[in-house]
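Engineer: Dropping a structure here in structure tokens format, bear with me for questions.
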Amino acid sequence: MTKKENPLEIQHKSQLIDYFEQGNKAPENWGIGTEHEKFLYDSKSFKRLSYDQKNGINTILNHMQRYGWQPVEEKGKVIALQNSGASITLEPGGQFELSGENFRSVHETFQETRRHFEELYFICNELDTFTLPLGVDPLTALEEVPWMPKERYGWMKNYMPTKGDLGLQMMTNTACIQVNLDYASEADMVKKMRVAQALQPVVTAIFANSPFAAGKPNGFLSQRAHIWDRTDPDRCGFLPFIFDDGFGFERWVDYLLDVPMYFIYRDDKYLSANGLTFGQFLKGKHVLQPTMEDWETHVSTVFPDVRLKQFIEMRGADASCVHHIAALSALWVGLVYDKQSLEEAHHLISGWNLEALKEVRLRVPKEGLNAKSGAIHIGEVAKQIYQIALAGLNRRSEKTGIENESRFLAPVRQITDSGITQAEKYLQRYNKDCNKDISKLVTAWLVDQTQIYPYKHEV
């Protein structure tokens with residue numbers, strides 16, 4: 001096949017726009033996908049697990065295969081697992097991530113998440129290791145984090161410090177929950193993206209869960225959110241153009257075309273992109289011809305608050321426990337998968353001043369639900385969106401016959417009613433019950449886990 005006949009090569013910008021058009025799905029085909037990360041440690045030393053150490057991450061990956069997971073290798077090392085429509089991958093510092101299947105209901109994604117945590121818990125118990133699902137590693141300094149043997153992370157490790165002062169912290173010491181949801185059309189995508197971008201700071205506040213770093217309080221409720229803001233302004237953070245008139249698939253493509261590339265992947269090799277943006281790559285500034293695989297890779301290497309692929313990724317929440325993961329999914333499903341709720345949420349955010357929204361977003365990492373700017377008070381908005389989501393889930397159940405998912409919102413109700421986040425509960429526990437000793441707090445967390453999973457797991 002000649003060069004011009006290769007259907008994978010990009011000949012025109014319209015192919016890139018079509019890529020996102022292909023994500024359109026009828027509402028009856030909408031799914032729910034969750035992704036969540038957690039940190040792994042040695043039980044005796046409280047140090048992060050490296051890949052090759054005894055009972056390290058490689059060993060855990062091997063043990064996971066007894067549950068039906070199939071290995072994915074890179075240069076002879078297992079660096080991921082696959083099972084049906086789900087995968088387990090490693091973030092740069094060994095954060096253990098489940099990218100779940102695409103399910104019809106929150107009930108199913110909850111069961112998947114719980115099963116994953118149980119499998120990992122029992123393996124860790126056998127190997128004298130443990131896991132903590134928080135937004136920032138509470139124990140380990142940056143220089144102590146072991147890096148995983150994935151070649152792309154080497155490229156990113158060299159690139160990150162050229163863009164922001166906390167990029168390496170982001171790569172190795174942060175963990176999040178992500179919910180992936182579908183859209184029906186370009187207009188539906190636009191409305192959902194605007195609601196998602198405007199409400200990410202509220203969600204960050206509700207699910208704030210990263211108040212410790214390097215063994216002590218870090219001065220934040222969600223330090224993870226703060227770290228991401230100082231990672232790379234080209235590809236991270238708040239995207240004001242989402243609220244512009246005319247925003248749609250083509251405007252999203254234009255944004256991506258202006259973002260520098262990390263690398264180019266060809267024939268199992270990573271090659272330098274020579275500092276080019278994808279737009280420059282498309283204009284022939286590199287010896288290689290761009291392909292749709294290059295485009296898919298590039299789409300996955302931008303990390304804003306909300307990211308458009310062939311679905312929408314809600315990326316604003318700190319890592320947390322099984323019940324908070326399900327709560328996040330239920331909150332977003334209730335907000336955007338019911339037509340009336342989506343309209344109400346869109347009406348709620350439509351009158352917000354953009355500068356006030358930017359300002360309150362910057363306040364949230366430290367102030368949480370107490371953050372406010374102009375007419376936007378995060379705690380009050382949190383209560384409003386809980387009610388909108390609750391009603392949306394109730395209507396969704398009535399219309400679709402799906403068992404009502406509103407029970408999964410319980411953590412959101414508790415947090416929004418009390419105004420106390422998980423981060424603040426941990427800080428109270430640290431100061432009062434643990435005498436400001438992080439090791440005592442970690443031990444208490446481990447006791448909590450044994451109460452959740454008290455029995456021997458049957459394979």
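Residues are named by chain letter and number: chains run A, B, ... in the order of the structure tokens, numbers start at 1 in each chain, and ligands are numbered from 1 in the order shown.
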Counting only C-alpha atoms, which residues of range 148-199 of chain A sit at most 8 Å from some atom of range 27-37 of chain A, and what is each one's closest atom pair with its distance in Å to one decimal, listed by chain and rising residue number, as JSON lines?
Structural biologist:
```
{"residue": "A:Ala175", "atom": "CA", "partner": "A:Glu37", "partner_atom": "CA", "distance": 5.3}
{"residue": "A:Cys176", "atom": "CA", "partner": "A:Glu37", "partner_atom": "CA", "distance": 5.8}
{"residue": "A:Ile177", "atom": "CA", "partner": "A:His36", "partner_atom": "CA", "distance": 4.4}
{"residue": "A:Gln178", "atom": "CA", "partner": "A:Glu35", "partner_atom": "CA", "distance": 5.0}
{"residue": "A:Val179", "atom": "CA", "partner": "A:Thr34", "partner_atom": "CA", "distance": 4.6}
{"residue": "A:Asn180", "atom": "CA", "partner": "A:Gly33", "partner_atom": "CA", "distance": 4.9}
{"residue": "A:Leu181", "atom": "CA", "partner": "A:Ile32", "partner_atom": "CA", "distance": 5.5}
{"residue": "A:Asp182", "atom": "CA", "partner": "A:Trp30", "partner_atom": "CA", "distance": 5.5}
{"residue": "A:Tyr183", "atom": "CA", "partner": "A:Trp30", "partner_atom": "CA", "distance": 7.5}
{"residue": "A:Ala184", "atom": "CA", "partner": "A:Pro27", "partner_atom": "CA", "distance": 6.3}
```
Engineer: Take the residues from that selection and put them in a file with C-alpha atoms, as a PDB file, in the first residue's frame.
Structural biologist:
```
ATOM      1  CA  ALA A 175      -3.893   9.770  42.600  1.00  0.00           C
ATOM      2  CA  CYS A 176      -7.425  10.498  41.446  1.00  0.00           C
ATOM      3  CA  ILE A 177     -10.849   9.131  40.585  1.00  0.00           C
ATOM      4  CA  GLN A 178     -12.211   9.680  37.109  1.00  0.00           C
ATOM      5  CA  VAL A 179     -15.705   9.114  35.732  1.00  0.00           C
ATOM      6  CA  ASN A 180     -16.210   8.614  31.989  1.00  0.00           C
ATOM      7  CA  LEU A 181     -19.598   9.427  30.469  1.00  0.00           C
ATOM      8  CA  ASP A 182     -21.092   9.589  26.974  1.00  0.00           C
ATOM      9  CA  TYR A 183     -22.709  12.273  24.832  1.00  0.00           C
ATOM     10  CA  ALA A 184     -25.465  12.061  22.205  1.00  0.00           C
TER      11      ALA A 184
END
```
Engineer: Considering only C-alpha atoms, return as a PyMOL selection string whatever protein or nucleic-acid residues lie within 12 Å of Asp305 in chain A, sequence-local ones (same chain, fewer than 5 positions apart) excluded.
Structural biologist: chain A and resi 176-179+193-204+225-226+228-229+233+235-240+242+312-317+361
Engineer: According to DSSP computed on the backbone, where in range 1-159 of chain A is there helix (DSSP H, G or I)? Give the residues as a PyMOL selection string.
Structural biologist: chain A and resi 3-5+13-21+27-29+57-67+106-127+142-144+151-159
Engineer: Would you list, as a ChimeraX atom specification, the residues of range 314-423 of chain A that end up in strand (DSSP E) under DSSP run on this structure's backbone?
Structural biologist: /A:314-318,372-373,376-377
Engineer: Could you pull the residues within 6 Å of range 8-24 of chain A, counting only C-alpha atoms, minus those fewer than 5 positions along the same chain, as a list in words?
Structural biologist: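 Skipping anything fewer than 5 positions along the chain leaves Tyr183, Ala184, Ser185, Phe249, Glu250, Pro290, Thr291, Met292 and Gln310 of chain A.
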Engineer: Kindly export the residues of the current selection with N, CA and C atoms, as a short mmCIF file (atom, residue, chain, number, x, y, z; two decimals), in the first residue's frame.
Structural biologist:
```
data_model
loop_
_atom_site.label_atom_id
_atom_site.label_comp_id
_atom_site.auth_asym_id
_atom_site.auth_seq_id
_atom_site.Cartn_x
_atom_site.Cartn_y
_atom_site.Cartn_z
N TYR A 183 -21.92 11.16 25.35
CA TYR A 183 -22.71 12.27 24.83
C TYR A 183 -23.46 11.80 23.59
N ALA A 184 -24.60 12.47 23.31
CA ALA A 184 -25.46 12.06 22.20
C ALA A 184 -25.14 12.77 20.90
N SER A 185 -24.64 14.00 21.01
CA SER A 185 -24.42 14.84 19.85
C SER A 185 -23.43 15.93 20.21
N PHE A 249 -16.76 20.41 18.53
CA PHE A 249 -15.70 19.46 18.24
C PHE A 249 -14.50 20.13 17.57
N GLU A 250 -14.77 21.04 16.63
CA GLU A 250 -13.65 21.67 15.92
C GLU A 250 -12.83 22.55 16.85
N PRO A 290 1.85 12.00 10.25
CA PRO A 290 0.98 11.69 11.39
C PRO A 290 -0.12 10.70 11.02
N THR A 291 -0.44 9.83 11.98
CA THR A 291 -1.49 8.83 11.81
C THR A 291 -2.57 9.05 12.86
N MET A 292 -3.69 8.35 12.72
CA MET A 292 -4.75 8.43 13.71
C MET A 292 -4.30 7.82 15.04
N GLN A 310 -13.66 10.20 22.99
CA GLN A 310 -14.93 9.83 22.36
C GLN A 310 -15.96 9.59 23.46
#
```
